[in-house]
Every structure is written in structure tokens, then in C-alpha cells.
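As provided, structure.cif (mmCIF, C-alpha atoms; chains and numbers go by the auth columns) reads as follows.
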data_target
#
loop_
_atom_site.group_PDB
_atom_site.id
_atom_site.type_symbol
_atom_site.label_atom_id
_atom_site.label_comp_id
_atom_site.label_asym_id
_atom_site.label_seq_id
_atom_site.Cartn_x
_atom_site.Cartn_y
_atom_site.Cartn_z
_atom_site.B_iso_or_equiv
_atom_site.auth_seq_id
_atom_site.auth_asym_id
ATOM 1 C CA MET A 1 0.000 0.000 0.000 0.00 1188 M
ATOM 2 C CA LEU A 2 2.728 2.493 0.878 0.00 1189 M
ATOM 3 C CA ARG A 3 4.932 1.589 -2.062 0.00 1190 M
ATOM 4 C CA PRO A 4 2.313 2.615 -4.724 0.00 1191 M
ATOM 5 C CA LEU A 5 1.585 5.840 -2.811 0.00 1192 M
ATOM 6 C CA PHE A 6 5.306 6.641 -2.629 0.00 1193 M
ATOM 7 C CA ALA A 7 5.637 5.953 -6.367 0.00 1194 M
ATOM 8 C CA LEU A 8 2.829 8.429 -7.058 0.00 1195 M
ATOM 9 C CA LEU A 9 4.283 11.147 -4.809 0.00 1196 M
ATOM 10 C CA LEU A 10 7.942 10.794 -5.813 0.00 1197 M
ATOM 11 C CA PRO A 11 7.626 12.867 -9.020 0.00 1198 M
ATOM 12 C CA LEU A 12 6.157 15.731 -6.973 0.00 1199 M
ATOM 13 C CA PHE A 13 9.179 16.144 -4.648 0.00 1200 M
ATOM 14 C CA PRO A 14 11.147 18.377 -7.050 0.00 1201 M
ATOM 15 C CA LEU A 15 8.169 20.752 -7.147 0.00 1202 M
ATOM 16 C CA LEU A 16 8.411 21.235 -3.402 0.00 1203 M
ATOM 17 C CA ALA A 17 11.914 22.641 -3.802 0.00 1204 M
ATOM 18 C CA CYS A 18 10.834 25.173 -6.432 0.00 1205 M
ATOM 19 C CA SER A 19 10.437 28.773 -5.428 0.00 1206 M
ATOM 20 C CA THR A 20 8.753 31.650 -7.175 0.00 1207 M
ATOM 21 C CA GLU A 21 11.308 34.033 -5.641 0.00 1208 M
ATOM 22 C CA PRO A 22 14.179 35.067 -7.908 0.00 1209 M
ATOM 23 C CA ASP A 23 17.677 33.923 -7.075 0.00 1210 M
ATOM 24 C CA VAL A 24 18.826 36.727 -4.819 0.00 1211 M
ATOM 25 C CA PRO A 25 22.556 37.463 -4.858 0.00 1212 M
ATOM 26 C CA LYS A 26 24.370 36.777 -1.589 0.00 1213 M
ATOM 27 C CA GLU A 27 25.041 40.494 -1.052 0.00 1214 M
ATOM 28 C CA CYS A 28 21.268 41.129 -1.088 0.00 1215 M
ATOM 29 C CA GLU A 29 20.430 38.682 1.703 0.00 1216 M
ATOM 30 C CA ARG A 30 21.035 41.405 4.308 0.00 1217 M
ATOM 31 C CA PHE A 31 18.037 43.401 3.072 0.00 1218 M
ATOM 32 C CA THR A 32 14.421 42.614 3.780 0.00 1219 M
ATOM 33 C CA PHE A 33 11.582 44.254 1.930 0.00 1220 M
ATOM 34 C CA SER A 34 8.084 44.329 3.355 0.00 1221 M
ATOM 35 C CA VAL A 35 5.618 42.307 1.275 0.00 1222 M
ATOM 36 C CA ALA A 36 1.947 43.231 1.544 0.00 1223 M
ATOM 37 C CA PRO A 37 -0.843 40.670 1.273 0.00 1224 M
ATOM 38 C CA GLU A 38 -2.475 40.162 -2.106 0.00 1225 M
ATOM 39 C CA VAL A 39 -5.492 42.383 -2.752 0.00 1226 M
ATOM 40 C CA SER A 40 -7.860 42.963 -5.634 0.00 1227 M
ATOM 41 C CA ALA A 41 -6.706 45.628 -8.067 0.00 1228 M
ATOM 42 C CA PRO A 42 -9.645 46.978 -10.073 0.00 1229 M
ATOM 43 C CA HIS A 43 -9.579 50.222 -12.006 0.00 1230 M
ATOM 44 C CA VAL A 44 -11.396 53.035 -10.184 0.00 1231 M
ATOM 45 C CA LEU A 45 -12.027 56.697 -10.871 0.00 1232 M
ATOM 46 C CA CYS A 46 -8.835 58.611 -10.257 0.00 1233 M
ATOM 47 C CA GLU A 47 -10.668 60.921 -7.853 0.00 1234 M
ATOM 48 C CA SER A 48 -11.714 57.908 -5.773 0.00 1235 M
ATOM 49 C CA SER A 49 -10.620 57.589 -2.164 0.00 1236 M
ATOM 50 C CA ALA A 50 -10.599 53.794 -2.674 0.00 1237 M
ATOM 51 C CA CYS A 51 -7.129 53.777 -4.260 0.00 1238 M
ATOM 52 C CA GLY A 52 -4.436 51.588 -2.744 0.00 1239 M
ATOM 53 C CA ASN A 53 -4.246 48.922 -0.067 0.00 1240 M
ATOM 54 C CA GLY A 54 -4.339 51.205 2.976 0.00 1241 M
ATOM 55 C CA LEU A 55 -0.567 51.269 3.456 0.00 1242 M
ATOM 56 C CA ASN A 56 1.590 54.386 3.443 0.00 1243 M
ATOM 57 C CA PRO A 57 2.755 54.399 0.740 0.00 1244 M
ATOM 58 C CA PRO A 58 0.325 52.075 -1.004 0.00 1245 M
ATOM 59 C CA THR A 59 1.958 49.102 -2.711 0.00 1246 M
ATOM 60 C CA ALA A 60 -1.035 47.510 -4.457 0.00 1247 M
ATOM 61 C CA GLY A 61 -4.803 47.720 -4.746 0.00 1248 M
ATOM 62 C CA PRO A 62 -7.429 49.657 -6.679 0.00 1249 M
ATOM 63 C CA HIS A 63 -5.932 52.233 -9.044 0.00 1250 M
ATOM 64 C CA CYS A 64 -6.593 54.586 -11.969 0.00 1251 M
ATOM 65 C CA GLY A 65 -7.033 53.256 -15.477 0.00 1252 M
ATOM 66 C CA TYR A 66 -3.899 54.922 -16.878 0.00 1253 M
ATOM 67 C CA THR A 67 -0.192 55.035 -16.034 0.00 1254 M
ATOM 68 C CA LEU A 68 2.460 57.708 -15.748 0.00 1255 M
ATOM 69 C CA ALA A 69 5.379 58.063 -18.140 0.00 1256 M
ATOM 70 C CA CYS A 70 8.549 56.562 -16.701 0.00 1257 M
ATOM 71 C CA ARG A 71 10.789 59.520 -15.889 0.00 1258 M
ATOM 72 C CA THR A 72 11.669 61.852 -13.009 0.00 1259 M
ATOM 73 C CA TYR A 73 8.955 64.283 -11.900 0.00 1260 M
ATOM 74 C CA ASP A 74 9.460 67.573 -10.042 0.00 1261 M
ATOM 75 C CA ALA A 75 5.836 67.727 -8.860 0.00 1262 M
ATOM 76 C CA GLU A 76 4.041 65.115 -6.775 0.00 1263 M
ATOM 77 C CA GLN A 77 2.076 62.587 -8.843 0.00 1264 M
ATOM 78 C CA PRO A 78 -1.178 60.961 -7.659 0.00 1265 M
ATOM 79 C CA PRO A 79 -0.665 57.563 -5.982 0.00 1266 M
ATOM 80 C CA CYS A 80 -3.798 56.287 -7.703 0.00 1267 M
ATOM 81 C CA VAL A 81 -1.993 56.705 -11.031 0.00 1268 M
ATOM 82 C CA TRP A 82 1.458 55.350 -10.132 0.00 1269 M
ATOM 83 C CA LEU A 83 -0.205 52.314 -8.537 0.00 1270 M
ATOM 84 C CA HIS A 84 -1.138 51.317 -12.084 0.00 1271 M
ATOM 85 C CA ASN A 85 2.562 51.563 -12.998 0.00 1272 M
ATOM 86 C CA LEU A 86 3.301 49.125 -10.160 0.00 1273 M
ATOM 87 C CA GLU A 87 0.695 46.712 -11.523 0.00 1274 M
ATOM 88 C CA HIS A 88 2.665 46.653 -14.799 0.00 1275 M
ATOM 89 C CA GLY A 89 5.889 45.772 -12.981 0.00 1276 M
ATOM 90 C CA HIS A 90 7.317 49.280 -13.020 0.00 1277 M
ATOM 91 C CA ALA A 91 9.374 50.503 -10.067 0.00 1278 M
ATOM 92 C CA VAL A 92 8.266 53.687 -8.287 0.00 1279 M
ATOM 93 C CA PHE A 93 10.764 55.702 -6.261 0.00 1280 M
ATOM 94 C CA LEU A 94 9.329 58.330 -3.907 0.00 1281 M
ATOM 95 C CA TYR A 95 10.912 61.006 -1.736 0.00 1282 M
ATOM 96 C CA ASP A 96 9.483 63.377 0.884 0.00 1283 M
ATOM 97 C CA CYS A 97 11.994 66.165 1.419 0.00 1284 M
ATOM 98 C CA PRO A 98 10.326 69.570 1.869 0.00 1285 M
ATOM 99 C CA GLU A 99 13.759 71.020 2.718 0.00 1286 M
ATOM 100 C CA GLY A 100 15.280 69.441 -0.403 0.00 1287 M
ATOM 101 C CA CYS A 101 17.411 66.325 -0.715 0.00 1288 M
ATOM 102 C CA PRO A 102 19.335 66.356 -3.989 0.00 1289 M
ATOM 103 C CA GLU A 103 21.592 63.515 -2.804 0.00 1290 M
ATOM 104 C CA GLU A 104 18.588 61.221 -2.203 0.00 1291 M
ATOM 105 C CA ILE A 105 16.999 62.157 -5.534 0.00 1292 M
ATOM 106 C CA ALA A 106 20.303 61.365 -7.270 0.00 1293 M
ATOM 107 C CA LYS A 107 20.361 57.889 -5.661 0.00 1294 M
ATOM 108 C CA LEU A 108 16.759 57.263 -6.742 0.00 1295 M
ATOM 109 C CA GLU A 109 17.512 58.395 -10.290 0.00 1296 M
ATOM 110 C CA GLN A 110 20.520 56.086 -10.354 0.00 1297 M
ATOM 111 C CA ALA A 111 18.227 53.217 -9.278 0.00 1298 M
ATOM 112 C CA ARG A 112 15.702 54.211 -11.965 0.00 1299 M
ATOM 113 C CA ASP A 113 18.524 53.972 -14.499 0.00 1300 M
ATOM 114 C CA ALA A 114 19.137 50.374 -13.321 0.00 1301 M
ATOM 115 C CA ALA A 115 15.500 49.258 -13.695 0.00 1302 M
ATOM 116 C CA LEU A 116 14.469 46.792 -16.373 0.00 1303 M
ATOM 117 C CA VAL A 117 14.051 48.148 -19.897 0.00 1304 M
ATOM 118 C CA GLY A 118 10.826 47.625 -21.808 0.00 1305 M
ATOM 119 C CA SER A 119 10.642 46.425 -25.407 0.00 1306 M
ATOM 120 C CA ASN A 120 10.327 50.119 -26.398 0.00 1307 M
ATOM 121 C CA GLY A 121 13.741 50.900 -24.857 0.00 1308 M
ATOM 122 C CA VAL A 122 12.331 52.842 -21.875 0.00 1309 M
ATOM 123 C CA ARG A 123 13.452 52.076 -18.322 0.00 1310 M
ATOM 124 C CA ARG A 124 10.401 50.835 -16.432 0.00 1311 M
ATOM 125 C CA ALA A 125 10.645 53.090 -13.378 0.00 1312 M
ATOM 126 C CA LEU A 126 9.747 56.590 -12.241 0.00 1313 M
ATOM 127 C CA VAL A 127 10.836 59.016 -9.522 0.00 1314 M
ATOM 128 C CA THR A 128 8.422 61.482 -7.936 0.00 1315 M
ATOM 129 C CA PRO A 129 8.046 63.523 -4.761 0.00 1316 M
ATOM 130 C CA ALA A 130 5.373 62.298 -2.329 0.00 1317 M
ATOM 131 C CA SER A 131 4.243 64.146 0.778 0.00 1318 M
ATOM 132 C CA GLY A 132 3.353 62.366 3.994 0.00 1319 M
ATOM 133 C CA LEU A 133 5.670 59.353 3.707 0.00 1320 M
ATOM 134 C CA PRO A 134 6.585 57.708 7.041 0.00 1321 M
ATOM 135 C CA GLN A 135 10.268 58.123 6.075 0.00 1322 M
ATOM 136 C CA ARG A 136 12.055 60.339 3.546 0.00 1323 M
ATOM 137 C CA VAL A 137 12.453 57.668 0.844 0.00 1324 M
ATOM 138 C CA ALA A 138 10.302 54.810 -0.457 0.00 1325 M
ATOM 139 C CA ALA A 139 11.185 52.379 -3.232 0.00 1326 M
ATOM 140 C CA ILE A 140 8.175 50.354 -4.341 0.00 1327 M
ATOM 141 C CA LEU A 141 7.357 47.372 -6.506 0.00 1328 M
ATOM 142 C CA TRP A 142 3.909 45.738 -6.562 0.00 1329 M
ATOM 143 C CA ARG A 143 3.325 44.595 -2.930 0.00 1330 M
ATOM 144 C CA ARG A 144 6.975 45.316 -1.920 0.00 1331 M
ATOM 145 C CA VAL A 145 8.424 48.396 -0.274 0.00 1332 M
ATOM 146 C CA TYR A 146 11.749 49.639 1.061 0.00 1333 M
ATOM 147 C CA LEU A 147 11.392 52.617 3.435 0.00 1334 M
ATOM 148 C CA THR A 148 14.347 54.599 4.754 0.00 1335 M
ATOM 149 C CA ASP A 149 15.538 58.083 5.601 0.00 1336 M
ATOM 150 C CA SER A 150 18.640 57.678 3.445 0.00 1337 M
ATOM 151 C CA ALA A 151 18.547 55.291 0.486 0.00 1338 M
ATOM 152 C CA ASP A 152 21.216 52.610 0.313 0.00 1339 M
ATOM 153 C CA PRO A 153 22.079 52.151 -3.383 0.00 1340 M
ATOM 154 C CA ASP A 154 22.751 48.450 -2.723 0.00 1341 M
ATOM 155 C CA ALA A 155 19.286 48.017 -1.215 0.00 1342 M
ATOM 156 C CA LEU A 156 17.693 49.752 -4.203 0.00 1343 M
ATOM 157 C CA ARG A 157 19.615 47.489 -6.587 0.00 1344 M
ATOM 158 C CA CYS A 158 18.567 44.446 -4.567 0.00 1345 M
ATOM 159 C CA LEU A 159 14.908 45.487 -4.541 0.00 1346 M
ATOM 160 C CA LEU A 160 15.013 45.663 -8.330 0.00 1347 M
ATOM 161 C CA GLN A 161 15.855 41.934 -8.324 0.00 1348 M
ATOM 162 C CA PHE A 162 12.120 41.486 -7.608 0.00 1349 M
ATOM 163 C CA GLN A 163 10.873 43.712 -10.453 0.00 1350 M
ATOM 164 C CA ASP A 164 7.954 41.944 -12.190 0.00 1351 M
ATOM 165 C CA GLN A 165 7.931 39.219 -9.498 0.00 1352 M
ATOM 166 C CA ASP A 166 4.491 39.903 -8.010 0.00 1353 M
ATOM 167 C CA ALA A 167 3.030 42.313 -10.562 0.00 1354 M
ATOM 168 C CA PRO A 168 -0.329 41.135 -11.939 0.00 1355 M
ATOM 169 C CA GLU A 169 0.546 42.502 -15.413 0.00 1356 M
ATOM 170 C CA PRO A 170 4.347 42.194 -15.533 0.00 1357 M
ATOM 171 C CA ARG A 171 6.781 43.287 -18.230 0.00 1358 M
ATOM 172 C CA LEU A 172 4.502 45.907 -19.798 0.00 1359 M
ATOM 173 C CA ASP A 173 6.202 48.871 -21.441 0.00 1360 M
ATOM 174 C CA CYS A 174 6.224 52.340 -19.983 0.00 1361 M
ATOM 175 C CA ALA A 175 5.770 55.533 -21.962 0.00 1362 M
ATOM 176 C CA PRO A 176 8.840 57.810 -22.021 0.00 1363 M
#
Encoded form (C-alpha cells):
Amino acid sequence: MLRPLFALLLPLFPLLACSTEPDVPKECERFTFSVAPEVSAPHVLCESSACGNGLNPPTAGPHCGYTLACRTYDAEQPPCVWLHNLEHGHAVFLYDCPEGCPEEIAKLEQARDAALVGSNGVRRALVTPASGLPQRVAAILWRRVYLTDSADPDALRCLLQFQDQDAPEPRLDCAP
């Protein structure tokens, strides 16, 4: 009785060792990135207060029906819109520095320049100011966030190892 059962289960053992996580380089093991629970992600009116998953900053959830161009913005962009970028596997880099923080913006732009490139040749990431963050800097992928007061370029590079990992509509191009 046990022998036939074992014979049926044996081919499944390799599947137990499989992981959906990317192979993370050894130097990235020191960083942990918060992962939010899965939520529904319908399109809503951009004026809706139902955008996001209730986190600050939001990392998933209901969002607008259009995306932002992937570039650096000087003015704050609506979270409801950049959430749609996250759904497409784009990286979003935020900063909250009313007094200015050119060194942090430079690190975020450097990370944006390291993001995956779409089939149209555009880096799939954007940088924008965002008021009210719990810390000065946030780097976000769908359901993942790195929050800090001073961005570590290694942490940003490591976070990008997860680009497209959880996104419901991964690998979609971003407008320039």
C-alpha cells in the first residue's frame, strides 16, 4: 500500500523545492523588503478615495485606469496613477523632502537607471516627490516596499531583483 503511494508522490518532490522568488545574490540577503498581502486591483475613478491597499505608501490595490510616463517628476504625482505603474511591474521611487534632498533624488535616479528596460527601450521606473511618507524615501514594486531616511544604493539594486515578481501585469512597457 505504501509503495504505490510513494511511487505516485515521488515525481512531486522536485516541485516542493521550487520557489517563485528570484535567485537573490548573496550580497542582497542582508536586506528585507516588506511584502503586503495580495489584494484585488480593479480600475477606479482617479478621484476615488478607494485607491491603494491602505498602506503608506500604497503598494497595491485599486488604481486609476492609466499610467504615468517613466521619468523623473518635479511635482508630486497621484498615488492612484502610479499604482497602475506598479501593476505593470514598473518601479516607483518616492521622496518626501520639503527642505530638499538632492543627494537622495540622485540615488533614486541612479536606481531608476538600473530598472528593467521595456521592449520600447524605456526604463520601467519613475521618480516622484510624495508628501506624507513615514520616512524620507520609499522604493516600491507591486506589494513590496523599502522605506528609509537615506537610500542605500545596494538596497535599491537588490529590490530591483524582484521587479515583475508579483506584478499582476508584468513586463509591460512604460511611456517615455
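For the structure shown here, the set of residues caught by the PyMOL selection byres ((chain M and resi 1348) around 9) is Pro1209, Asp1210, Val1211, Pro1212, Arg1344, Cys1345, Leu1346, Leu1347, Phe1349, Gln1350, Asp1351 and Gln1352 of chain M.
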Would you save the residues from that selection as a CSV table (one decimal), in the frame of the given file, using C-alpha atoms?
chain,number,residue,atom,x,y,z
M,1209,PRO,CA,14.2,35.1,-7.9
M,1210,ASP,CA,17.7,33.9,-7.1
M,1211,VAL,CA,18.8,36.7,-4.8
M,1212,PRO,CA,22.6,37.5,-4.9
M,1344,ARG,CA,19.6,47.5,-6.6
M,1345,CYS,CA,18.6,44.4,-4.6
M,1346,LEU,CA,14.9,45.5,-4.5
M,1347,LEU,CA,15.0,45.7,-8.3
M,1349,PHE,CA,12.1,41.5,-7.6
M,1350,GLN,CA,10.9,43.7,-10.5
M,1351,ASP,CA,8.0,41.9,-12.2
M,1352,GLN,CA,7.9,39.2,-9.5
- Separation of CA of Pro1266 in chain M from CA of Pro1244 in chain M, in Å and rounded to one decimal: 8.2 Å
- Any chance you could work out the residue set of the PyMOL selection byres ((chain M and resi 1245-1252) around 6) here, as a ChimeraX atom specification? /M:1226-1233,1238-1240,1242-1244,1253,1267-1268,1270-1271,1329-1330
First collect every listed atom of range 1220-1225 of chain M; then fit an axis-aligned box around them, widen it by 6 Å on each side, and give centre and edge lengths in Å to one decimal, as AutoDock Vina command-line options.
--center_x 4.6 --center_y 42.2 --center_z 0.6 --size_x 26.1 --size_y 16.2 --size_z 17.5
- Item | Ground truth for the PyMOL selection byres ((chain M and resi 1302-1317) around 9), written as a PyMOL selection string | chain M and resi 1244+1255-1266+1269+1272-1273+1275-1284+1292+1295-1296+1298-1301+1318-1320+1344+1347+1350+1358-1363
Selection above as a file: C-alpha atoms, as a PDB file, keeping the file's coordinate frame:
ATOM      1  CA  PRO M1244       2.755  54.399   0.740  1.00  0.00           C
ATOM      2  CA  LEU M1255       2.460  57.708 -15.748  1.00  0.00           C
ATOM      3  CA  ALA M1256       5.379  58.063 -18.140  1.00  0.00           C
ATOM      4  CA  CYS M1257       8.549  56.562 -16.701  1.00  0.00           C
ATOM      5  CA  ARG M1258      10.789  59.520 -15.889  1.00  0.00           C
ATOM      6  CA  THR M1259      11.669  61.852 -13.009  1.00  0.00           C
ATOM      7  CA  TYR M1260       8.955  64.283 -11.900  1.00  0.00           C
ATOM      8  CA  ASP M1261       9.460  67.573 -10.042  1.00  0.00           C
ATOM      9  CA  ALA M1262       5.836  67.727  -8.860  1.00  0.00           C
ATOM     10  CA  GLU M1263       4.041  65.115  -6.775  1.00  0.00           C
ATOM     11  CA  GLN M1264       2.076  62.587  -8.843  1.00  0.00           C
ATOM     12  CA  PRO M1265      -1.178  60.961  -7.659  1.00  0.00           C
ATOM     13  CA  PRO M1266      -0.665  57.563  -5.982  1.00  0.00           C
ATOM     14  CA  TRP M1269       1.458  55.350 -10.132  1.00  0.00           C
ATOM     15  CA  ASN M1272       2.562  51.563 -12.998  1.00  0.00           C
ATOM     16  CA  LEU M1273       3.301  49.125 -10.160  1.00  0.00           C
ATOM     17  CA  HIS M1275       2.665  46.653 -14.799  1.00  0.00           C
ATOM     18  CA  GLY M1276       5.889  45.772 -12.981  1.00  0.00           C
ATOM     19  CA  HIS M1277       7.317  49.280 -13.020  1.00  0.00           C
ATOM     20  CA  ALA M1278       9.374  50.503 -10.067  1.00  0.00           C
ATOM     21  CA  VAL M1279       8.266  53.687  -8.287  1.00  0.00           C
ATOM     22  CA  PHE M1280      10.764  55.702  -6.261  1.00  0.00           C
ATOM     23  CA  LEU M1281       9.329  58.330  -3.907  1.00  0.00           C
ATOM     24  CA  TYR M1282      10.912  61.006  -1.736  1.00  0.00           C
ATOM     25  CA  ASP M1283       9.483  63.377   0.884  1.00  0.00           C
ATOM     26  CA  CYS M1284      11.994  66.165   1.419  1.00  0.00           C
ATOM     27  CA  ILE M1292      16.999  62.157  -5.534  1.00  0.00           C
ATOM     28  CA  LEU M1295      16.759  57.263  -6.742  1.00  0.00           C
ATOM     29  CA  GLU M1296      17.512  58.395 -10.290  1.00  0.00           C
ATOM     30  CA  ALA M1298      18.227  53.217  -9.278  1.00  0.00           C
ATOM     31  CA  ARG M1299      15.702  54.211 -11.965  1.00  0.00           C
ATOM     32  CA  ASP M1300      18.524  53.972 -14.499  1.00  0.00           C
ATOM     33  CA  ALA M1301      19.137  50.374 -13.321  1.00  0.00           C
ATOM     34  CA  SER M1318       4.243  64.146   0.778  1.00  0.00           C
ATOM     35  CA  GLY M1319       3.353  62.366   3.994  1.00  0.00           C
ATOM     36  CA  LEU M1320       5.670  59.353   3.707  1.00  0.00           C
ATOM     37  CA  ARG M1344      19.615  47.489  -6.587  1.00  0.00           C
ATOM     38  CA  LEU M1347      15.013  45.663  -8.330  1.00  0.00           C
ATOM     39  CA  GLN M1350      10.873  43.712 -10.453  1.00  0.00           C
ATOM     40  CA  ARG M1358       6.781  43.287 -18.230  1.00  0.00           C
ATOM     41  CA  LEU M1359       4.502  45.907 -19.798  1.00  0.00           C
ATOM     42  CA  ASP M1360       6.202  48.871 -21.441  1.00  0.00           C
ATOM     43  CA  CYS M1361       6.224  52.340 -19.983  1.00  0.00           C
ATOM     44  CA  ALA M1362       5.770  55.533 -21.962  1.00  0.00           C
ATOM     45  CA  PRO M1363       8.840  57.810 -22.021  1.00  0.00           C
TER      46      PRO M1363
END
- Item | Separation of CA of Gln1297 in chain M from CA of Thr1219 in chain M, in Å and rounded to one decimal | 20.5 Å
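Take CA of Glu1274 in chain M and CA of Val1324 in chain M: the distance between them is 20.3 Å.
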- Note on the structure: Of M:Lys1294, M:Tyr1333, M:Arg1323, M:Thr1254, the one sitting nearest Ala1223 in chain M when using all atoms listed in the file is M:Tyr1333
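Shortest atom-to-atom contact with Pro1289 in chain M among M:Ala1338, M:Ala1237, M:Arg1331, M:Pro1321: M:Ala1338, counting only C-alpha atoms.
For the choices M:Gln1322, M:Glu1291, M:Glu1356, M:Glu1234, the atom-to-atom distance to Leu1343 in chain M is smallest for M:Glu1291 when using all atoms listed in the file.
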